[in-house]
>>> print(open('entry12.txt').read())   # compact mmCIF, C-alpha atoms and all ligand atoms
# COMPACT_ATOMS: atom_id res chain seq x y z
CA MET A 1 23.62 -49.82 23.04
CA LEU A 2 26.19 -47.06 23.51
CA ASN A 3 27.46 -48.39 26.82
CA GLY A 4 31.22 -48.00 26.97
CA LYS A 5 31.50 -46.56 23.45
CA VAL A 6 34.00 -43.73 23.20
CA ILE A 7 32.67 -41.00 20.96
CA VAL A 8 34.88 -38.06 20.06
CA LEU A 9 32.49 -35.25 19.21
CA GLY A 10 33.85 -32.47 17.03
CA VAL A 11 31.88 -29.24 17.36
CA THR A 12 32.54 -26.60 14.72
CA GLY A 13 31.53 -22.96 14.39
CA GLY A 14 27.97 -22.61 13.18
CA ILE A 15 24.79 -21.58 14.94
CA ALA A 16 23.79 -25.26 15.14
CA ALA A 17 26.63 -25.66 17.68
CA TYR A 18 24.00 -24.93 20.34
CA LYS A 19 22.47 -28.33 19.52
CA ALA A 20 25.75 -29.97 20.57
CA ALA A 21 24.66 -29.57 24.20
CA MET A 22 21.55 -31.69 23.67
CA LEU A 23 23.54 -34.14 21.55
CA CYS A 24 26.14 -34.59 24.33
CA SER A 25 23.41 -35.03 26.89
CA ARG A 26 21.57 -37.70 24.86
CA LEU A 27 24.76 -39.62 24.02
CA VAL A 28 25.85 -39.62 27.67
CA GLN A 29 22.36 -40.76 28.77
CA LYS A 30 22.72 -43.70 26.38
CA GLY A 31 25.96 -44.71 28.11
CA ALA A 32 28.56 -43.23 25.71
CA ASP A 33 31.83 -41.77 26.96
CA VAL A 34 31.87 -38.46 25.07
CA HIS A 35 35.02 -36.38 24.54
CA VAL A 36 34.43 -33.02 22.89
CA ILE A 37 36.83 -31.16 20.64
CA MET A 38 35.70 -27.63 19.73
CA THR A 39 37.07 -25.35 17.07
CA GLU A 40 37.84 -21.76 18.06
CA SER A 41 34.79 -20.53 16.14
CA ALA A 42 32.52 -23.06 17.88
CA LYS A 43 33.41 -21.33 21.14
CA GLN A 44 31.67 -18.21 19.81
CA PHE A 45 28.38 -20.12 19.91
CA ILE A 46 28.61 -22.39 22.96
CA THR A 47 30.95 -22.57 25.94
CA GLU A 48 33.45 -25.29 26.78
CA LEU A 49 32.04 -25.33 30.30
CA THR A 50 28.58 -26.37 29.02
CA LEU A 51 29.96 -29.37 27.12
CA GLN A 52 32.42 -30.28 29.86
CA SER A 53 29.61 -30.27 32.44
CA LEU A 54 27.40 -32.48 30.26
CA THR A 55 30.11 -35.00 29.33
CA LYS A 56 32.08 -34.92 32.61
CA ASN A 57 35.20 -34.93 30.45
CA PRO A 58 37.66 -32.12 29.64
CA VAL A 59 36.89 -30.27 26.41
CA TYR A 60 39.75 -29.80 23.93
CA SER A 61 40.29 -26.96 21.48
CA ASP A 62 44.00 -26.05 21.50
CA THR A 63 46.41 -28.58 19.96
CA PHE A 64 49.24 -27.21 22.07
CA ASP A 65 47.42 -27.23 25.38
CA GLU A 66 48.89 -30.56 26.48
CA ARG A 67 47.47 -31.32 29.92
CA ASP A 68 48.84 -34.84 30.37
CA PRO A 69 52.58 -35.16 29.62
CA SER A 70 52.29 -38.93 29.19
CA VAL A 71 50.22 -38.62 25.98
CA VAL A 72 49.88 -36.44 22.90
CA SER A 73 46.27 -35.33 23.23
CA HIS A 74 45.10 -35.43 19.62
CA ILE A 75 46.73 -38.84 19.03
CA HIS A 76 45.33 -40.15 22.30
CA LEU A 77 41.80 -39.01 21.40
CA ALA A 78 42.18 -40.33 17.85
CA ASP A 79 43.24 -43.75 19.18
CA MET A 80 40.64 -44.10 21.91
CA ALA A 81 37.66 -43.21 19.69
CA ASP A 82 35.17 -45.86 18.63
CA LEU A 83 33.60 -43.15 16.49
CA VAL A 84 34.47 -39.57 15.59
CA LEU A 85 31.31 -37.57 15.05
CA VAL A 86 31.45 -33.99 13.76
CA ALA A 87 28.21 -32.17 14.55
CA PRO A 88 27.67 -29.58 13.38
CA ALA A 89 30.08 -29.87 10.48
CA THR A 90 30.53 -26.52 8.73
CA ALA A 91 31.49 -26.10 5.05
CA ASN A 92 34.93 -25.07 6.32
CA VAL A 93 35.67 -28.26 8.27
CA ILE A 94 34.24 -30.39 5.46
CA GLY A 95 36.65 -28.63 3.06
CA LYS A 96 39.60 -29.18 5.40
CA MET A 97 38.73 -32.85 5.87
CA ALA A 98 38.40 -33.39 2.12
CA HIS A 99 41.83 -31.85 1.51
CA GLY A 100 43.62 -33.39 4.47
CA LEU A 101 44.33 -30.12 6.25
CA ALA A 102 45.22 -30.24 9.92
CA ASP A 103 45.51 -26.79 11.45
CA ASP A 104 43.67 -27.23 14.74
CA MET A 105 42.89 -29.83 17.40
CA LEU A 106 39.84 -31.24 15.59
CA THR A 107 41.34 -31.60 12.12
CA THR A 108 44.61 -33.09 13.43
CA THR A 109 42.56 -35.65 15.38
CA LEU A 110 40.49 -36.39 12.28
CA LEU A 111 43.64 -37.08 10.28
CA ALA A 112 45.16 -39.20 13.03
CA THR A 113 42.18 -41.43 13.72
CA THR A 114 41.49 -44.81 12.20
CA ALA A 115 38.03 -44.90 13.80
CA PRO A 116 34.91 -44.52 11.66
CA VAL A 117 33.97 -40.89 11.01
CA MET A 118 30.46 -39.49 10.77
CA ILE A 119 29.53 -35.88 9.98
CA SER A 120 26.33 -33.93 10.38
CA PRO A 121 26.58 -30.90 8.08
CA ALA A 122 24.89 -27.60 8.94
CA MET A 123 25.09 -24.46 6.79
CA ASN A 124 23.22 -22.04 4.56
CA VAL A 125 21.29 -23.68 1.70
CA HIS A 126 23.44 -22.04 -1.02
CA MET A 127 26.62 -23.10 0.73
CA TYR A 128 25.27 -26.65 0.99
CA THR A 129 24.62 -26.84 -2.75
CA HIS A 130 27.82 -25.00 -3.77
CA PRO A 131 29.79 -27.22 -6.19
CA ALA A 132 32.91 -26.98 -4.01
CA VAL A 133 31.04 -28.20 -0.91
CA VAL A 134 29.23 -30.89 -2.91
CA ALA A 135 32.56 -32.12 -4.33
CA ASN A 136 34.15 -32.12 -0.86
CA MET A 137 31.28 -34.12 0.59
CA GLU A 138 31.48 -36.60 -2.29
CA THR A 139 35.19 -37.01 -1.61
CA LEU A 140 34.52 -37.74 2.05
CA VAL A 141 31.76 -40.24 1.28
CA SER A 142 34.04 -42.00 -1.23
CA ARG A 143 36.57 -42.38 1.62
CA GLY A 144 34.00 -44.03 3.86
CA VAL A 145 32.87 -41.03 5.93
CA SER A 146 29.17 -41.37 6.84
CA MET A 147 26.97 -38.37 6.20
CA ILE A 148 23.92 -37.51 8.28
CA GLU A 149 22.01 -35.41 5.78
CA PRO A 150 20.78 -32.06 7.04
CA GLY A 151 17.06 -31.42 7.23
CA GLU A 152 15.04 -28.81 5.31
CA GLY A 153 13.36 -25.82 6.89
CA LEU A 154 13.87 -22.28 8.05
CA LEU A 155 17.60 -21.71 8.51
CA ALA A 156 19.10 -19.34 11.08
CA CYS A 157 20.29 -17.12 8.19
CA GLY A 158 16.64 -16.53 7.18
CA TYR A 159 16.65 -18.78 4.10
CA VAL A 160 14.34 -21.74 3.79
CA GLY A 161 15.93 -24.92 2.44
CA LYS A 162 18.32 -27.74 3.13
CA GLY A 163 21.12 -27.12 5.58
CA ARG A 164 19.63 -27.42 9.06
CA MET A 165 21.61 -29.81 11.23
CA GLU A 166 19.66 -32.98 11.94
CA GLU A 167 18.03 -33.06 15.37
CA PRO A 168 20.13 -34.58 18.20
CA GLU A 169 17.60 -37.40 18.80
CA THR A 170 17.90 -38.49 15.16
CA ILE A 171 21.69 -38.27 15.24
CA VAL A 172 21.73 -40.49 18.34
CA GLU A 173 19.50 -43.02 16.54
CA VAL A 174 21.89 -43.04 13.56
CA VAL A 175 24.84 -43.56 15.92
CA GLU A 176 23.03 -46.42 17.69
CA ARG A 177 22.19 -48.09 14.38
CA PHE A 178 25.80 -47.71 13.31
CA PHE A 179 27.11 -49.55 16.40
CA GLU A 180 24.39 -52.21 16.12
CA GLN A 181 25.37 -52.84 12.51
CA GLN A 182 29.06 -52.91 13.43
CA GLU A 183 28.38 -55.40 16.22
CA THR A 184 26.40 -57.68 13.87
CA THR A 185 29.16 -57.61 11.24
CA GLU A 186 31.86 -58.31 13.85
CA TRP A 187 29.81 -61.20 15.25
CA SER A 188 29.32 -62.72 11.80
CA MET A 189 33.03 -62.44 11.00
CA ALA A 190 34.03 -64.04 14.30
CA ASN A 191 31.46 -66.86 14.15
CA GLU A 192 31.04 -67.69 10.47
CA ALA A 193 33.87 -70.21 10.56
CA LYS A 194 32.76 -72.15 13.63
CA ALA A 195 29.04 -72.12 12.74
CA PRO A 196 28.95 -75.28 10.54
CA GLY A 197 29.74 -77.70 13.39
CA LEU A 198 27.95 -75.94 16.22
CA LEU A 199 24.96 -78.33 16.40
CA GLU A 200 26.64 -81.45 15.00
CA GLY A 201 25.03 -84.60 16.41
CA LYS A 202 22.05 -82.73 17.89
CA LYS A 203 18.43 -83.44 17.08
CA VAL A 204 16.53 -80.16 16.79
CA ILE A 205 12.75 -79.72 16.60
CA VAL A 206 11.52 -76.44 15.16
CA THR A 207 7.87 -75.41 14.94
CA ALA A 208 6.78 -72.72 12.49
CA GLY A 209 3.71 -71.02 11.06
CA GLY A 210 0.23 -70.43 12.43
CA THR A 211 -2.13 -73.22 13.45
CA ILE A 212 -5.54 -73.50 11.85
CA GLU A 213 -8.54 -74.25 14.07
CA ARG A 214 -11.49 -75.32 11.95
CA ILE A 215 -15.00 -73.96 12.46
CA ASP A 216 -16.40 -75.89 9.53
CA PRO A 217 -14.91 -77.34 6.31
CA VAL A 218 -14.42 -73.88 4.76
CA ARG A 219 -13.83 -71.56 7.72
CA TYR A 220 -11.16 -71.44 10.37
CA ILE A 221 -9.37 -69.37 13.02
CA THR A 222 -5.70 -68.65 12.39
CA ASN A 223 -3.15 -65.85 12.81
CA ASP A 224 -0.64 -63.81 10.80
CA SER A 225 2.39 -66.10 11.12
CA SER A 226 4.07 -66.57 7.74
CA GLY A 227 6.46 -69.27 8.94
CA LYS A 228 9.52 -67.20 7.97
CA MET A 229 11.04 -67.06 11.47
CA GLY A 230 10.70 -70.78 12.12
CA PHE A 231 11.94 -71.66 8.63
CA ALA A 232 15.00 -69.45 9.07
CA ILE A 233 15.77 -71.26 12.34
CA ALA A 234 15.31 -74.69 10.75
CA LYS A 235 17.64 -73.76 7.86
CA ALA A 236 20.28 -72.27 10.17
CA ALA A 237 20.14 -75.34 12.46
CA LYS A 238 20.67 -77.62 9.45
CA ASP A 239 23.60 -75.46 8.29
CA MET A 240 25.07 -75.87 11.79
CA GLY A 241 25.05 -79.64 11.39
CA ALA A 242 21.86 -80.53 13.29
CA ASP A 243 19.39 -83.28 12.43
CA VAL A 244 16.36 -80.99 12.05
CA HIS A 245 12.71 -82.00 12.30
CA LEU A 246 10.57 -79.07 11.18
CA ILE A 247 6.89 -79.11 12.16
CA ALA A 248 5.05 -76.53 10.09
CA ALA A 249 1.47 -75.35 10.39
CA HIS A 250 -0.05 -72.88 7.91
CA THR A 251 2.64 -70.77 6.20
CA ASP A 252 2.93 -68.31 3.32
CA VAL A 253 6.36 -69.47 2.20
CA SER A 254 7.90 -72.81 1.29
CA PRO A 255 9.95 -74.67 3.89
CA PRO A 256 13.72 -74.66 3.40
CA GLU A 257 15.01 -77.25 0.97
CA GLY A 258 16.63 -80.33 2.41
CA VAL A 259 14.99 -79.99 5.84
CA LYS A 260 12.76 -82.85 7.03
CA THR A 261 9.33 -81.17 7.21
CA GLU A 262 6.10 -82.44 8.71
CA ARG A 263 2.94 -80.53 7.84
CA VAL A 264 0.27 -80.07 10.51
CA GLU A 265 -2.89 -78.04 10.75
CA SER A 266 -4.22 -77.52 14.27
CA ALA A 267 -2.66 -76.97 17.69
CA GLN A 268 -3.61 -80.56 18.55
CA ASP A 269 -1.88 -81.88 15.40
CA MET A 270 1.22 -79.88 16.32
CA TYR A 271 1.09 -81.21 19.87
CA ASP A 272 0.94 -84.81 18.59
CA ALA A 273 3.78 -84.26 16.11
CA VAL A 274 6.05 -82.58 18.68
CA MET A 275 5.40 -85.26 21.30
CA ARG A 276 6.30 -88.02 18.81
CA GLU A 277 9.73 -86.46 18.26
CA PHE A 278 10.37 -85.11 21.76
CA ASP A 279 12.06 -87.98 23.66
CA ASP A 280 15.30 -88.22 21.69
CA SER A 281 15.53 -84.50 20.85
CA ASP A 282 18.18 -82.13 22.24
CA LEU A 283 16.80 -78.73 21.34
CA ILE A 284 13.22 -77.57 20.72
CA ILE A 285 12.43 -74.13 19.33
CA LYS A 286 8.77 -73.15 19.33
CA ALA A 287 8.60 -70.30 16.83
CA ALA A 288 5.08 -71.25 15.73
CA ALA A 289 2.09 -69.10 16.61
CA VAL A 290 -0.22 -71.65 18.18
CA ALA A 291 -3.90 -70.95 18.83
CA ASP A 292 -4.71 -70.63 22.52
CA TYR A 293 -8.36 -71.52 21.84
CA ARG A 294 -10.19 -73.65 19.30
CA PRO A 295 -13.88 -74.04 18.49
CA LEU A 296 -15.53 -76.50 20.87
CA LYS A 297 -17.19 -78.19 17.89
CA THR A 298 -16.07 -78.36 14.29
CA ALA A 299 -19.10 -78.66 12.02
CA SER A 300 -18.83 -81.45 9.48
CA SER A 301 -20.68 -79.46 6.81
CA LYS A 302 -20.67 -75.75 5.95
CA LEU A 303 -22.56 -73.69 8.55
CA LYS A 304 -25.54 -71.81 7.17
CA LYS A 305 -26.32 -68.18 7.88
CA GLN A 306 -28.93 -67.94 10.65
CA GLY A 307 -30.21 -64.86 12.50
CA GLU A 308 -28.36 -61.60 13.30
CA LYS A 309 -25.87 -63.02 15.77
CA MET A 310 -23.81 -66.12 16.05
CA THR A 311 -21.82 -67.31 19.06
CA LEU A 312 -18.79 -69.47 18.62
CA GLU A 313 -17.85 -71.38 21.74
CA LEU A 314 -14.10 -71.77 22.17
CA VAL A 315 -12.13 -74.06 24.43
CA LYS A 316 -8.49 -73.95 25.43
CA THR A 317 -5.95 -75.84 23.37
CA THR A 318 -3.18 -77.76 25.07
CA ASP A 319 -0.17 -75.53 25.63
CA ILE A 320 2.54 -77.50 23.86
CA LEU A 321 5.43 -75.50 25.24
CA GLU A 322 4.15 -75.72 28.80
CA THR A 323 3.79 -79.49 28.41
CA LEU A 324 7.35 -79.77 27.08
CA GLY A 325 8.54 -77.66 30.00
CA LYS A 326 6.97 -80.15 32.42
CA TYR A 327 8.43 -83.26 30.80
CA LYS A 328 11.81 -82.03 29.60
CA GLN A 329 14.89 -83.84 30.85
CA LYS A 330 18.05 -83.22 28.83
CA GLN A 331 16.22 -81.01 26.32
CA PHE A 332 17.03 -77.32 25.87
CA LEU A 333 13.75 -75.51 25.41
CA ILE A 334 13.27 -72.20 23.59
CA GLY A 335 9.90 -70.47 23.47
CA PHE A 336 8.87 -67.40 21.56
CA ALA A 337 6.69 -64.56 22.80
CA ALA A 338 4.90 -62.25 20.40
CA GLU A 339 3.93 -59.23 22.49
CA THR A 340 2.38 -55.82 21.98
CA ASP A 341 3.14 -54.33 25.43
CA SER A 342 5.00 -55.07 28.69
CA VAL A 343 7.32 -57.24 26.59
CA GLU A 344 9.86 -58.10 29.27
CA GLN A 345 7.25 -58.84 31.93
CA TYR A 346 5.23 -61.19 29.70
CA ALA A 347 8.33 -62.87 28.29
CA MET A 348 9.76 -63.55 31.76
CA ASP A 349 6.38 -64.84 32.88
CA LYS A 350 6.28 -67.30 29.94
CA LEU A 351 9.87 -68.36 30.60
CA ARG A 352 9.05 -69.28 34.22
CA ARG A 353 5.55 -70.68 33.67
CA LYS A 354 6.59 -72.85 30.72
CA ASN A 355 9.99 -73.78 32.21
CA CYS A 356 11.96 -72.59 29.15
CA ASP A 357 15.72 -72.15 29.00
CA LEU A 358 15.31 -69.13 26.75
CA VAL A 359 12.39 -67.03 25.59
CA VAL A 360 12.69 -64.96 22.42
CA ALA A 361 10.44 -61.92 22.67
CA ASN A 362 9.43 -59.85 19.68
CA ASP A 363 7.53 -56.60 20.09
CA VAL A 364 5.20 -57.02 17.13
CA THR A 365 4.04 -53.39 17.25
CA LYS A 366 7.44 -52.31 15.91
CA SER A 367 8.01 -51.88 12.20
CA GLY A 368 9.89 -54.77 10.58
CA VAL A 369 9.35 -56.98 13.64
CA GLY A 370 7.35 -60.20 14.06
CA PHE A 371 4.62 -61.51 11.78
CA GLY A 372 5.18 -61.74 8.04
CA THR A 373 8.34 -59.60 7.84
CA ASP A 374 11.73 -60.67 6.49
CA THR A 375 13.39 -59.00 9.47
CA ASN A 376 13.04 -59.23 13.22
CA SER A 377 14.36 -57.59 16.36
CA VAL A 378 14.26 -59.64 19.53
CA HIS A 379 15.10 -59.61 23.21
CA ILE A 380 16.22 -63.03 24.40
CA TYR A 381 15.63 -63.78 28.08
CA ASP A 382 16.92 -66.48 30.41
CA ALA A 383 16.11 -67.07 34.09
CA GLU A 384 18.39 -64.17 35.06
CA GLY A 385 16.74 -61.65 32.72
CA LEU A 386 17.93 -60.21 29.42
CA ALA A 387 20.58 -62.47 27.86
CA LEU A 388 20.86 -60.89 24.41
CA HIS A 389 19.26 -58.09 22.45
CA LEU A 390 19.29 -58.35 18.68
CA PRO A 391 18.50 -55.13 16.81
CA LEU A 392 16.59 -55.17 13.53
CA MET A 393 18.24 -57.69 11.20
CA SER A 394 17.20 -60.44 8.79
CA LYS A 395 15.35 -63.43 10.28
CA GLU A 396 18.27 -65.55 9.01
CA ASP A 397 20.69 -63.52 11.16
CA VAL A 398 18.37 -63.70 14.18
CA ALA A 399 18.23 -67.48 13.68
CA ARG A 400 22.03 -67.82 13.53
CA ARG A 401 22.55 -65.65 16.63
CA LEU A 402 19.85 -67.47 18.58
CA LEU A 403 21.21 -70.90 17.72
CA ALA A 404 24.79 -69.87 18.53
CA LEU A 405 23.59 -68.73 21.96
CA ALA A 406 21.65 -71.98 22.47
CA ALA A 407 24.66 -74.09 21.38
CA GLU A 408 26.90 -72.22 23.82
CA ARG A 409 24.42 -72.72 26.69
CA MET A 410 23.92 -76.40 25.82
CA THR A 411 27.70 -77.02 25.81
CA LYS A 412 28.01 -75.30 29.19
CA GLY A 413 25.20 -77.47 30.53
CA GLU A 414 26.98 -80.64 29.37
CA SER A 415 30.38 -79.77 30.86
O1 LIG B 501 6.08 -66.69 11.23
P1 LIG B 501 6.53 -65.26 11.05
O2 LIG B 501 5.63 -64.46 10.14
O3 LIG B 501 7.98 -65.21 10.63
O4 LIG B 501 6.43 -64.51 12.47
C1 LIG B 501 7.25 -64.92 13.52
C2 LIG B 501 6.45 -64.98 14.84
C3 LIG B 501 5.98 -63.59 15.20
C4 LIG B 501 5.26 -65.91 14.71
C5 LIG B 501 7.47 -65.55 15.90
O5 LIG B 501 8.56 -64.68 15.98
C6 LIG B 501 6.80 -65.66 17.26
O6 LIG B 501 6.81 -64.76 18.08
N1 LIG B 501 6.21 -66.86 17.55
C7 LIG B 501 5.40 -67.12 18.75
C8 LIG B 501 4.09 -66.44 18.60
C9 LIG B 501 3.16 -66.76 19.72
O7 LIG B 501 2.20 -67.42 19.50
O8 LIG B 501 3.53 -66.33 20.88
P2 LIG B 501 2.65 -66.62 22.22
O9 LIG B 501 3.13 -65.57 23.14
O10 LIG B 501 1.19 -66.67 21.95
O11 LIG B 501 3.12 -68.07 22.68
C10 LIG B 501 4.23 -68.24 23.51
C11 LIG B 501 4.94 -69.55 23.19
O12 LIG B 501 4.08 -70.65 23.55
C12 LIG B 501 5.30 -69.73 21.74
O13 LIG B 501 6.56 -70.32 21.68
C13 LIG B 501 4.21 -70.68 21.22
O14 LIG B 501 4.71 -71.48 20.16
C14 LIG B 501 3.91 -71.50 22.45
N2 LIG B 501 2.52 -72.02 22.51
C15 LIG B 501 1.45 -71.19 22.60
C16 LIG B 501 0.18 -71.72 22.71
C17 LIG B 501 0.02 -73.13 22.70
N3 LIG B 501 -1.18 -73.67 22.78
N4 LIG B 501 1.09 -73.92 22.61
C18 LIG B 501 2.34 -73.41 22.53
O15 LIG B 501 3.32 -74.16 22.45
>>> encode(input="entry12.txt", output="structure tokens")
Amino acid sequence: MLNGKVIVLGVTGGIAAYKAAMLCSRLVQKGADVHVIMTESAKQFITELTLQSLTKNPVYSDTFDERDPSVVSHIHLADMADLVLVAPATANVIGKMAHGLADDMLTTTLLATTAPVMISPAMNVHMYTHPAVVANMETLVSRGVSMIEPGEGLLACGYVGKGRMEEPETIVEVVERFFEQQETTEWSMANEAKAPGLLEGKKVIVTAGGTIERIDPVRYITNDSSGKMGFAIAKAAKDMGADVHLIAAHTDVSPPEGVKTERVESAQDMYDAVMREFDDSDLIIKAAAVADYRPLKTASSKLKKQGEKMTLELVKTTDILETLGKYKQKQFLIGFAAETDSVEQYAMDKLRRKNCDLVVANDVTKSGVGFGTDTNSVHIYDAEGLALHLPLMSKEDVARRLLALAAERMTKGES
């Protein structure tokens, strides 16, 4: 996620400066290009050599130490940054930032940059709650600076309370989320305008929900699918101009308005419905959770309790996606894979075995991902491997991004 991102890391003079080493290391491991600027007081706590060795970039601290005559260092750093992160941020630097002071390399760079700025304060608990510091932080937040709140605990000064710089791992997570969010917003802005016509003239089949496999008239086997993912795809496809045929098994929510919807119950019903629509379709997206097995016999009347044990004999259902993969001609086929482990391996296996063009894998052990949630995070694979990773976002956004990718691939296939 941080591949190629230029992060200017400002390190200021507090005991938490020692954590800057771990922070640099983690950011670099994630692929970021980290350029450190230290204040003079930071150098009392950690050496330039440590941070230079970890980032493989020169460390700056003196505004007048111009090493490359072709650039002005603080302007160059300010311009190249995708993000300026100050960690730790002392009360002093927060005060200078709030009042626009620029008396060293870090604060001049902070004034010169137009990149987003994030700070991770670290100080004594009384300093942190001092009205002057609180007012300065409020000023920065009102100007769009992001604040990574310090944690509570035993502080180096001996006090217990709020003021401990957040741990490097957490800061890296915040930075990753920031870039993910930025990427999503940029994508939406760039694609919103062209989205309406993207699937014009295409017939799209979407399956959603969980199939129901009857044991008797009042009992059945099903799964946790709410239908939200498939419904979001059907709605997005319609908004992109497609003629959508939605085939929905059991769901918790209502299908999107204005979308042609066919209700089915079992895997066999879904198979029949999909096959009826398949021949003249262009794109099929199988977001439904389809039972792999069904009871061998469905009792026509309610089964009565008998004995201590009961055995239910199950037989395989027809794999709809695999069948479509065998018969597809012009159709672009997208399968889903709900996994709890070895996500990539199982997704790639499904892609090959079921002859899909794309497989959308969701790791359903993760919070906010998969069954029943309003959000999802997916890895989309093609025959070459990972084609697109979508971080946690609404199912509507996942649907739009997935369909845009499919539309792009389908156009390429036609030309
Ligand atoms: O409905 P939500 O609550 O919004 O949740 C979304 C979801 C988790 C259901 C969705 O994102 C998802 O992952 N759907 C596929 C779930 C699943 O059953 O995965 P699977 O790995 O068991 O199946 C792989 C693919 O084969 C799926 O595209 C499935 O539709 C298809 N399949 C499976 C069995 C079968 N007999 N026929 C099929 O077509």
>>> closest_residue(input="entry12.txt", among="A:Glu265, A:Glu149, A:Glu313, A:Glu384", to="A:Met348", atoms="only C-alpha atoms")
A:Glu384
>>> residues_near_ligand(input="entry12.txt", ligand="ligand LIG 501 (chain B)", cutoff="6 Å", atoms="all atoms listed in the file", output="list in words")
Gly209, Ser225, Ser226, Gly227, Lys228, Met229, Lys286, Ala287, Ala288, Ala289, Val290, Ala291, Asp292, Thr317, Thr318, Asp319, Ile320, Leu321, Gly335, Phe336, Ala337, Ala338, Asn362, Gly370, Phe371 and Gly372 of chain A
>>> atom_distance(input="entry12.txt", atom1="atom CA of A:Glu414", atom2="atom CA of A:Glu200")
14.4 Å
>>> residues_around(input="entry12.txt", residues="A:Asn92", least_positions_apart="3", cutoff="12 Å", atoms="all atoms listed in the file", output="JSON, numbers by chain")
{"A": [12, 13, 14, 39, 41, 42, 88, 89, 95, 96, 97, 98, 99, 101, 103, 107, 121, 122, 123, 127, 128, 132, 133, 136, 137]}
>>> write_last_selection(input="entry12.txt", atoms="C-alpha atoms", output="PDB file, keeping the file's coordinate frame")
ATOM      1  CA  THR A  12      32.540 -26.600  14.720  1.00  0.00           C
ATOM      2  CA  GLY A  13      31.530 -22.960  14.390  1.00  0.00           C
ATOM      3  CA  GLY A  14      27.970 -22.610  13.180  1.00  0.00           C
ATOM      4  CA  THR A  39      37.070 -25.350  17.070  1.00  0.00           C
ATOM      5  CA  SER A  41      34.790 -20.530  16.140  1.00  0.00           C
ATOM      6  CA  ALA A  42      32.520 -23.060  17.880  1.00  0.00           C
ATOM      7  CA  PRO A  88      27.670 -29.580  13.380  1.00  0.00           C
ATOM      8  CA  ALA A  89      30.080 -29.870  10.480  1.00  0.00           C
ATOM      9  CA  GLY A  95      36.650 -28.630   3.060  1.00  0.00           C
ATOM     10  CA  LYS A  96      39.600 -29.180   5.400  1.00  0.00           C
ATOM     11  CA  MET A  97      38.730 -32.850   5.870  1.00  0.00           C
ATOM     12  CA  ALA A  98      38.400 -33.390   2.120  1.00  0.00           C
ATOM     13  CA  HIS A  99      41.830 -31.850   1.510  1.00  0.00           C
ATOM     14  CA  LEU A 101      44.330 -30.120   6.250  1.00  0.00           C
ATOM     15  CA  ASP A 103      45.510 -26.790  11.450  1.00  0.00           C
ATOM     16  CA  THR A 107      41.340 -31.600  12.120  1.00  0.00           C
ATOM     17  CA  PRO A 121      26.580 -30.900   8.080  1.00  0.00           C
ATOM     18  CA  ALA A 122      24.890 -27.600   8.940  1.00  0.00           C
ATOM     19  CA  MET A 123      25.090 -24.460   6.790  1.00  0.00           C
ATOM     20  CA  MET A 127      26.620 -23.100   0.730  1.00  0.00           C
ATOM     21  CA  TYR A 128      25.270 -26.650   0.990  1.00  0.00           C
ATOM     22  CA  ALA A 132      32.910 -26.980  -4.010  1.00  0.00           C
ATOM     23  CA  VAL A 133      31.040 -28.200  -0.910  1.00  0.00           C
ATOM     24  CA  ASN A 136      34.150 -32.120  -0.860  1.00  0.00           C
ATOM     25  CA  MET A 137      31.280 -34.120   0.590  1.00  0.00           C
TER      26      MET A 137
END
>>> atom_distance(input="entry12.txt", atom1="atom CA of A:Met410", atom2="atom CA of A:Asn376")
23.9 Å
>>> atom_distance(input="entry12.txt", atom1="atom CA of A:Lys412", atom2="atom CA of A:Lys330")
12.7 Å
>>> residues_near_point(input="entry12.txt", point="(-16.2, -71.3, 7.5)", cutoff="10 Å", atoms="only C-alpha atoms", output="list in words")
Arg214, Ile215, Asp216, Pro217, Val218, Arg219, Tyr220, Ile221, Thr298, Ala299, Ser301, Lys302, Leu303 and Lys304 of chain A
>>> residues_around(input="entry12.txt", residues="A:Leu9", least_positions_apart="5", cutoff="10 Å", atoms="only C-alpha atoms", output="VMD selection string")
chain A and resid 20 23 to 24 34 to 38 59 81 83 to 88 106 118 to 119
>>> residues_around(input="entry12.txt", residues="A:Val264", least_positions_apart="5", cutoff="6 Å", atoms="all atoms listed in the file", output="list in words")
Ala248, Ala249, Asp269 and Met270 of chain A
>>> residues_around(input="entry12.txt", residues="A:Glu167", least_positions_apart="2", cutoff="9 Å", atoms="only C-alpha atoms", output="list in words")
Lys19, Leu23, Pro150, Gly151, Arg164, Met165, Glu169, Thr170, Ile171 and Val172 of chain A
>>> closest_residue(input="entry12.txt", among="A:Ala21, A:Leu27, A:Met105, A:Cys356", to="A:Leu49", atoms="all atoms listed in the file")
A:Ala21
